[in-house]
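Comments concern the structure below.
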Amino acid sequence: MTETLEKKQLLHLVFGGELQNLEGLQFKDLSKLDIVGIFPDYASALVAWRAKAQQTVDNAQMRYFIVHMHRLLDPDSKSA
């Protein structure tokens with residue numbers, strides 16, 4: 001009998017939007033935030049983040065972020 005080891009889900013959210021200024025983290029319009037998606041691990045979130053960041057490279061005020069949702073869901077966990 002073969003056992004399949006399932007990789008632990010470490011959820012990551014990728015989202016972005018246009019900032020009010022380059023020094024802050026205030027978005028110009030919250031209704032226009034781009035929710036790219038939720039990913040099962042950091043590596044796949046990073047791929048999505050890079051793709052969106054590259055698409056918007058001409059807009060200096062557009063920023064995308066990766067949020068470590070697994071840390072918010074289980075703050076006591078020692079996961080990366």
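In the structure tokens, chains take letters A, B, ... by order of appearance, with residues numbered from 1 within each chain and ligands from 1 in the order shown.
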Review point. Quick one: DSSP alpha helix (DSSP H) residues in segment 4-48 of chain A, as a list in words?
Key: Tyr42, Ala43, Ser44, Ala45, Leu46, Val47 and Ala48 of chain A
Proximity check segment 6-56 of chain A to segment 60-64 of chain A, 9 Å, nearest pairs one decimal Å, only C-alpha atoms, as CSV:
residue,atom,partner,partner_atom,distance
A:Val14,CA,A:Tyr64,CA,7.0
A:Phe15,CA,A:Tyr64,CA,5.5
A:Gly16,CA,A:Tyr64,CA,3.9
A:Gly17,CA,A:Met62,CA,5.4
A:Glu18,CA,A:Met62,CA,4.2
A:Leu19,CA,A:Gln61,CA,5.2
A:Gln20,CA,A:Gln61,CA,7.3
A:Asn21,CA,A:Gln61,CA,6.7
A:Leu22,CA,A:Gln61,CA,6.2
A:Asp34,CA,A:Tyr64,CA,8.5
A:Trp49,CA,A:Tyr64,CA,6.5
A:Arg50,CA,A:Tyr64,CA,8.7
A:Lys52,CA,A:Tyr64,CA,7.2
A:Ala53,CA,A:Tyr64,CA,6.3
A:Thr56,CA,A:Met62,CA,6.6
**Study point:** Nearest residue to Lys7 of chain A from the set A:Leu30, A:Val36, A:Leu73, A:Asp41 (distances using only C-alpha atoms)
**Key:** A:Asp41
Revision key, fill the gap. Across A:Ile38, A:Ala48, A:Val57, A:Ala43, the smallest distance to Leu13 of chain A, with only C-alpha atoms counted, is shown by A:Ile38
Practice item. For Pro40 of chain A, please output as a list of chain:residue names all residues within 9 Å (counting only C-alpha atoms; exclusion window: fewer than 2 positions along the same chain). Key: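 Surrounding residues, per the criterion: A:Lys8, A:Gln9, A:Leu10, A:Leu11, A:His12, A:Ile38, A:Tyr42, A:Ala43, A:Ser44, A:Ala45.
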Serialized selection, N, CA and C atoms, as a compact mmCIF listing (two decimals), in the first residue's frame:
# COMPACT_ATOMS: atom_id res chain seq x y z
N LYS A 8 1.50 20.43 3.05
CA LYS A 8 0.71 21.32 3.91
C LYS A 8 0.39 22.61 3.15
N GLN A 9 -0.87 23.02 3.23
CA GLN A 9 -1.27 24.27 2.58
C GLN A 9 -0.82 25.46 3.41
N LEU A 10 -0.08 26.33 2.80
CA LEU A 10 0.33 27.59 3.42
C LEU A 10 -0.23 28.70 2.52
N LEU A 11 -1.46 29.07 2.78
CA LEU A 11 -2.18 29.97 1.89
C LEU A 11 -1.56 31.36 1.81
N HIS A 12 -1.52 31.89 0.58
CA HIS A 12 -0.99 33.23 0.31
C HIS A 12 -1.95 33.97 -0.62
N ILE A 38 -5.82 33.45 -4.35
CA ILE A 38 -5.26 32.79 -3.17
C ILE A 38 -4.54 31.55 -3.66
N TYR A 42 3.91 29.68 -1.19
CA TYR A 42 4.59 30.93 -1.53
C TYR A 42 5.11 30.93 -2.97
N ALA A 43 5.62 29.80 -3.42
CA ALA A 43 6.20 29.72 -4.76
C ALA A 43 5.17 30.06 -5.84
N SER A 44 3.99 29.52 -5.74
CA SER A 44 2.97 29.82 -6.76
C SER A 44 2.45 31.25 -6.61
N ALA A 45 2.39 31.77 -5.38
CA ALA A 45 2.00 33.16 -5.18
C ALA A 45 3.04 34.10 -5.79
Practice item. Apply DSSP to the backbone of this structure and, from chain A, keep only the residues in strand (DSSP E); write these as a PyMOL selection string. Key: chain A and resi 12-18+34-39+62-68
Write out the residues from the selection above, keeping N, CA, C and O atoms, as a compact mmCIF listing (two decimals), in the first residue's frame.
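The result, stored in out.txt:
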# COMPACT_ATOMS: atom_id res chain seq x y z
N HIS A 12 -1.52 31.89 0.58
CA HIS A 12 -0.99 33.23 0.31
C HIS A 12 -1.95 33.97 -0.62
O HIS A 12 -2.44 33.40 -1.59
N LEU A 13 -2.22 35.22 -0.29
CA LEU A 13 -3.09 36.08 -1.09
C LEU A 13 -2.22 37.04 -1.88
O LEU A 13 -1.29 37.65 -1.33
N VAL A 14 -2.52 37.20 -3.17
CA VAL A 14 -1.83 38.17 -4.01
C VAL A 14 -2.88 39.21 -4.43
O VAL A 14 -3.94 38.86 -4.97
N PHE A 15 -2.57 40.48 -4.15
CA PHE A 15 -3.48 41.56 -4.53
C PHE A 15 -2.67 42.82 -4.79
O PHE A 15 -1.50 42.91 -4.43
N GLY A 16 -3.32 43.79 -5.41
CA GLY A 16 -2.62 45.04 -5.67
C GLY A 16 -3.58 46.15 -6.01
O GLY A 16 -4.78 45.95 -6.12
N GLY A 17 -3.00 47.32 -6.17
CA GLY A 17 -3.78 48.49 -6.52
C GLY A 17 -2.87 49.70 -6.65
O GLY A 17 -1.67 49.62 -6.41
N GLU A 18 -3.49 50.78 -7.05
CA GLU A 18 -2.73 52.02 -7.25
C GLU A 18 -2.62 52.77 -5.92
O GLU A 18 -3.62 53.01 -5.24
N ASP A 34 -7.14 44.97 -7.14
CA ASP A 34 -7.08 43.79 -8.00
C ASP A 34 -6.72 42.60 -7.13
O ASP A 34 -5.59 42.46 -6.68
N ILE A 35 -7.71 41.73 -6.89
CA ILE A 35 -7.48 40.51 -6.13
C ILE A 35 -7.08 39.44 -7.14
O ILE A 35 -7.90 38.94 -7.89
N VAL A 36 -5.79 39.14 -7.17
CA VAL A 36 -5.25 38.17 -8.14
C VAL A 36 -5.70 36.77 -7.77
O VAL A 36 -6.14 35.99 -8.63
N GLY A 37 -5.59 36.40 -6.49
CA GLY A 37 -6.05 35.09 -6.06
C GLY A 37 -5.39 34.63 -4.78
O GLY A 37 -4.52 35.30 -4.22
N ILE A 38 -5.82 33.45 -4.35
CA ILE A 38 -5.26 32.79 -3.17
C ILE A 38 -4.54 31.55 -3.66
O ILE A 38 -5.09 30.77 -4.44
N PHE A 39 -3.32 31.36 -3.19
CA PHE A 39 -2.45 30.30 -3.68
C PHE A 39 -2.03 29.38 -2.54
O PHE A 39 -1.93 29.81 -1.39
N MET A 62 1.36 51.67 -9.13
CA MET A 62 0.68 50.37 -9.01
C MET A 62 1.59 49.41 -8.27
O MET A 62 2.75 49.22 -8.63
N ARG A 63 1.07 48.79 -7.20
CA ARG A 63 1.87 47.86 -6.40
C ARG A 63 1.06 46.59 -6.13
O ARG A 63 -0.14 46.65 -5.90
N TYR A 64 1.76 45.48 -6.15
CA TYR A 64 1.17 44.19 -5.80
C TYR A 64 1.87 43.65 -4.57
O TYR A 64 3.06 43.89 -4.36
N PHE A 65 1.13 42.92 -3.77
CA PHE A 65 1.62 42.40 -2.50
C PHE A 65 1.28 40.93 -2.35
O PHE A 65 0.29 40.45 -2.91
N ILE A 66 2.09 40.23 -1.56
CA ILE A 66 1.81 38.86 -1.16
C ILE A 66 1.56 38.87 0.34
O ILE A 66 2.39 39.34 1.11
N VAL A 67 0.38 38.39 0.74
CA VAL A 67 0.02 38.32 2.15
C VAL A 67 0.09 36.85 2.57
O VAL A 67 -0.51 35.99 1.95
N HIS A 68 0.80 36.59 3.65
CA HIS A 68 0.93 35.24 4.19
C HIS A 68 -0.32 34.93 5.03
O HIS A 68 -0.32 35.12 6.25
Review point. Quick one, how far is atom CA of Leu46 of chain A from atom CA of Glu23 of chain A?
Key: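 That distance, rounded to one decimal, is 22.8 Å.
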